[in-house]
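Student: Before we start, here is the structure in question, set down as structure tokens.
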Amino acid sequence: MKAKIIGTGSYLPERVLTNQDLEKMVDTNDEWIVSRTGMKERRIAGPEEFTSDMGAAAARAALADAGISADEVDFIIVATITPDYLCPSSSCLIQTALGAKKAAAMDVQAACTGYIYALAIAKSFVETGLCKNVLLIASEKLSSVTDYKDRSTCILFGDGASACVVSSDAQKKGHLISSICLASDGEQSDLIVIPSGGCRTSAQHYLKMAGNEVFKHAVRRMESACRECLNLAGLKETDISWLIPHQANIRIIDAMAKRFEHLPPERVFKTVHKYGNTSASSVGIALDELLKQEQIQEGEKILLTAFGGGLTWGAALLTASGESA
Ligand code: UT7
């Protein structure tokens with residue numbers, strides 16, 4: 001039994017926060033932000049719009065794209081570092097919002113690598129026969145943990161959600177999850193931290209990041225994950241049609257692209273200029289946009305890679321498939 005993505009969806013909140021808006025909030029300017037990050041704007045959720053609301057919207061779009069109903073879902077996995085609550089899980093809130101009555105539900109936390117980690121779980125559940133249809137959702141309300149007085153982080157983050165349906169349904173077209181690799185390094189856990197919400201601290205709510213240090217790891221780790229993922233599938237760089245890296249910074253994306261010298265730069269898909277860094281949601285939003293705007297041919301390969309707090313990183317290789325899985 002092979003797992004494939006049979007539908008994708010995403011949701012971006014309406015409110016746009018531009019670099020010009022940020023100039024009025026902290027000591028920064030459009031030129032610095034664009035040249036250092038590639039970001040021009042990002043989306044911010046409304047005061048009454050939460051991670052589970054955005055996740056449910058992305059999930060509805062993915063279910064419609066897959067042509068299945070909520071009651072056909074066996075498992076809901078939500079990747080997030082900004083859940084509505086510590087308990088109940090955002091996946092349970094989404095389960096009831098969708099009316100996915102027979103679905104089990106759990107959250108996973110792998111920071112910006114959450115989508116790839118959740119994809120590995122979904123693939124395993126489907127390929128062992130435990131589930132037929134897994135609904136994977138990544139959703140982040142990063143604005144809720146962003147310190148809008150800290151110019152080194154507040155320019156980076158945006159809110160948004162992405163989703164996909166991973167299925168063993170042999171009748172559906174989709175993208176086979178050909179190979180996947182995951183990694184982590186807890187030695188570097190102090191580089192990206194949200195101290196509150198756990199049992200150690202209660203009042204330190206804002207995300208803190210050692211940006212420079214993180215930058216150095218990001219390119220190296222994502223490149224190695226991509227290469228490992230290709231090796232696992234017995235493929236070469238020239239076999240990839242599209243690369244979707246985590247949308248953390250245009251300089252990280254461009255540095256990645258340079259390391260894959262046989263991949264034309266226009267085949268590296270970007271959304272960072274308009275949505276900023278949406279953490280776990282980022283590669284899923286980009287994947288959904290790519291699939292909606294490009295005609296992907298049978299056999300074409302899309303390589304996803306992400307990196308984030310933990311540290312965590314990983315990659316997943318998708319192969320377009322119209323055949324029986
Ligand atoms: O999603 C998880 C993974 N996250 C990432 O991959 C993020 C990785 N890191 C980065 O993308 C970059 O390190 C940042 C965008 C966060 C920062 O860019 P940088 O080129 O590493 O800048 P820096 O931190 O070295 O700061 C350079 C200067 C500093 O001033 P001094 O000390 O040289 O006088 C900062 O204070 O830029 C200053 N600065 C700013 N200036 C204007 C920092 N933030 C700003 C700002 N506007 N918003």
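Letters A, B, ... mark the chains of the structure tokens in the order given; residue numbers begin at 1 per chain; ligand numbers begin at 1, in order shown.
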Using only C-alpha atoms and all ligand atoms, determine which residues fall within 6 Å of ligand 1, then list them as an MDAnalysis selection string.

Tutor: chainID A and resid 28:29 32 36:37 112 151:152 155 211:212 214:215 218 248:249 279 307:308

Student: Write out as a PyMOL selection string the residues lying within 8 Å of region 88-95 of chain A, counting only C-alpha atoms and excluding same-chain residues fewer than 3 positions away.

Tutor: chain A and resi 51-53+55-56+76-78+83-85+98-101+103+105-107

Student: Between A:Thr18, A:Ser321, A:Thr146, A:Ser168, which residue has the minimum interatomic distance to Ile194 (chain A), considering only C-alpha atoms?

Tutor: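 Looking at the shortest contact to Ile194 (chain A), the residue is A:Thr146.
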
Student: With distances taken over only C-alpha atoms, which residue among A:Gly38, A:Gly46, A:Gly67, A:Gly114 lies nearest Gly309 (chain A)?

Tutor: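 When distances to Gly309 (chain A) are compared using only C-alpha atoms, the smallest one comes from A:Gly114.
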
Student: Pick out each residue of region 77-283 of chain A that DSSP on the backbone tags as strand (DSSP E or B); I need them as JSON, numbers by chain.

Tutor: {"A": [77, 78, 79, 104, 105, 106, 107, 108, 133, 134, 135, 136, 137, 138, 139, 140, 157, 160, 161, 162, 163, 164, 165, 166, 167, 174, 175, 176, 177, 178, 179, 180, 181, 182, 183, 184, 192, 193, 208, 209, 242, 243, 244, 245, 268, 277]}

Student: Can you tell me, as number ranges by chain, what residues are no more than 7 Å from region 126-134 of chain A when counting only C-alpha atoms, ignoring any on the same chain fewer than 4 positions away?

Tutor: A: 1-3, 72-76, 122, 165-168

Student: Per residue of region 28-144 of chain A within 12 Å of region 201-206 of chain A, record the nearest atom pair and its distance in Å to one decimal, counting only C-alpha atoms, with rows in chain order and ascending residue number, as a Markdown table.

Tutor:
| residue | atom | partner | partner_atom | distance |
| --- | --- | --- | --- | --- |
| A:Thr82 | CA | A:His205 | CA | 11.0 |
| A:Leu142 | CA | A:Tyr206 | CA | 9.7 |
| A:Ser143 | CA | A:Tyr206 | CA | 9.6 |
| A:Ser144 | CA | A:Tyr206 | CA | 8.1 |

Student: Report the distance between CA of Cys199 (chain A) and CA of Val145 (chain A) in Å, rounded to one decimal place.

Tutor: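 That distance, rounded to one decimal, is 17.3 Å.
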
Student: Which residues are near region 39-41 of chain A? Cut-off 10 Å, only C-alpha atoms, ignore same chain within fewer than 4 positions. Put them as JSON, numbers by chain.

Tutor: {"A": [16, 17, 18, 19, 20, 21, 22, 30, 31, 32, 33, 34, 35, 155, 156, 157, 158, 247, 248, 249, 250, 271, 272, 273, 274, 275, 276, 277]}

Student: List every residue of region 218-306 of chain A that DSSP, applied to the backbone, labels as helix (DSSP H, G or I), and write the result as a PyMOL selection string.

Tutor: chain A and resi 218-233+237-239+250-259+265-267+272-275+279-293

Student: Could you pull the residues within 10 Å of Met256 (chain A), counting only C-alpha atoms, minus those fewer than 5 positions along the same chain, as number ranges by chain?

Tutor: A: 218-223, 226, 243, 245, 250-251, 261, 265, 268

Student: For the selection just defined, write its residues with C-alpha atoms to a file, as a CSV table (one decimal), in the first residue's frame.

Tutor:
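Saved file out-v2.csv follows:
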chain,number,residue,atom,x,y,z
A,218,ALA,CA,19.3,26.2,8.1
A,219,VAL,CA,21.0,26.0,4.7
A,220,ARG,CA,23.3,23.1,5.7
A,221,ARG,CA,20.6,21.0,7.4
A,222,MET,CA,18.0,21.5,4.6
A,223,GLU,CA,20.5,20.6,1.9
A,226,CYS,CA,17.3,16.9,0.6
A,243,LEU,CA,12.1,22.3,-4.8
A,245,PRO,CA,12.2,24.9,0.9
A,250,ILE,CA,15.0,34.6,0.7
A,251,ARG,CA,18.7,34.4,1.4
A,261,GLU,CA,23.3,23.8,-9.2
A,265,PRO,CA,16.5,28.9,-10.0
A,268,VAL,CA,12.6,26.8,-6.6

Student: Within 8 Å of Glu14 (chain A), counting only C-alpha atoms, which residues show up once you throw out same-chain ones fewer than 3 positions away? Write them as a ChimeraX atom specification, please.

Tutor: /A:43-45

Student: Take the residues from that selection and write them out as a PDB file, in the first residue's frame, keeping all heavy atoms.

Tutor:
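Result file is out.pdb:
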ATOM      1  N   ARG A  43       0.637  37.890   6.449  1.00  0.00           N
ATOM      2  CA  ARG A  43      -0.769  37.943   6.847  1.00  0.00           C
ATOM      3  C   ARG A  43      -0.883  37.796   8.366  1.00  0.00           C
ATOM      4  O   ARG A  43      -0.108  37.064   8.980  1.00  0.00           O
ATOM      5  CB  ARG A  43      -1.570  36.832   6.179  1.00  0.00           C
ATOM      6  CG  ARG A  43      -1.537  36.860   4.676  1.00  0.00           C
ATOM      7  CD  ARG A  43      -2.167  38.122   4.114  1.00  0.00           C
ATOM      8  NE  ARG A  43      -2.105  38.129   2.662  1.00  0.00           N
ATOM      9  CZ  ARG A  43      -3.066  37.626   1.882  1.00  0.00           C
ATOM     10  NH1 ARG A  43      -4.165  37.111   2.412  1.00  0.00           N
ATOM     11  NH2 ARG A  43      -2.934  37.646   0.571  1.00  0.00           N
ATOM     12  N   ILE A  44      -1.885  38.485   8.932  1.00  0.00           N
ATOM     13  CA  ILE A  44      -2.096  38.432  10.378  1.00  0.00           C
ATOM     14  C   ILE A  44      -3.555  38.048  10.659  1.00  0.00           C
ATOM     15  O   ILE A  44      -4.486  38.663  10.120  1.00  0.00           O
ATOM     16  CB  ILE A  44      -1.785  39.815  11.022  1.00  0.00           C
ATOM     17  CG1 ILE A  44      -0.343  40.254  10.709  1.00  0.00           C
ATOM     18  CG2 ILE A  44      -2.036  39.794  12.537  1.00  0.00           C
ATOM     19  CD1 ILE A  44       0.761  39.392  11.307  1.00  0.00           C
ATOM     20  N   ALA A  45      -3.740  37.043  11.508  1.00  0.00           N
ATOM     21  CA  ALA A  45      -5.089  36.574  11.838  1.00  0.00           C
ATOM     22  C   ALA A  45      -5.836  37.634  12.648  1.00  0.00           C
ATOM     23  O   ALA A  45      -5.221  38.436  13.366  1.00  0.00           O
ATOM     24  CB  ALA A  45      -4.999  35.272  12.634  1.00  0.00           C
TER      25      ALA A  45
END

Student: Residues within 12 Å of Ser241 (chain A), please, as a ChimeraX atom specification. Count only C-alpha atoms; anything in the same chain fewer than 2 positions from it doesn't count.

Tutor: /A:236-239,243-244,260,262-269,290,294-304,317-320

Student: What does the structure give for the distance between CA of Ala110 (chain A) and CA of Ala79 (chain A), in Å to one decimal?

Tutor: 7.2 Å

Student: Kindly give the distance, in Å, that separates CA of Leu207 (chain A) and CA of Glu140 (chain A), rounded to a single decimal.

Tutor: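 CA of Glu140 (chain A) lies at a distance of 13.0 Å from CA of Leu207 (chain A).
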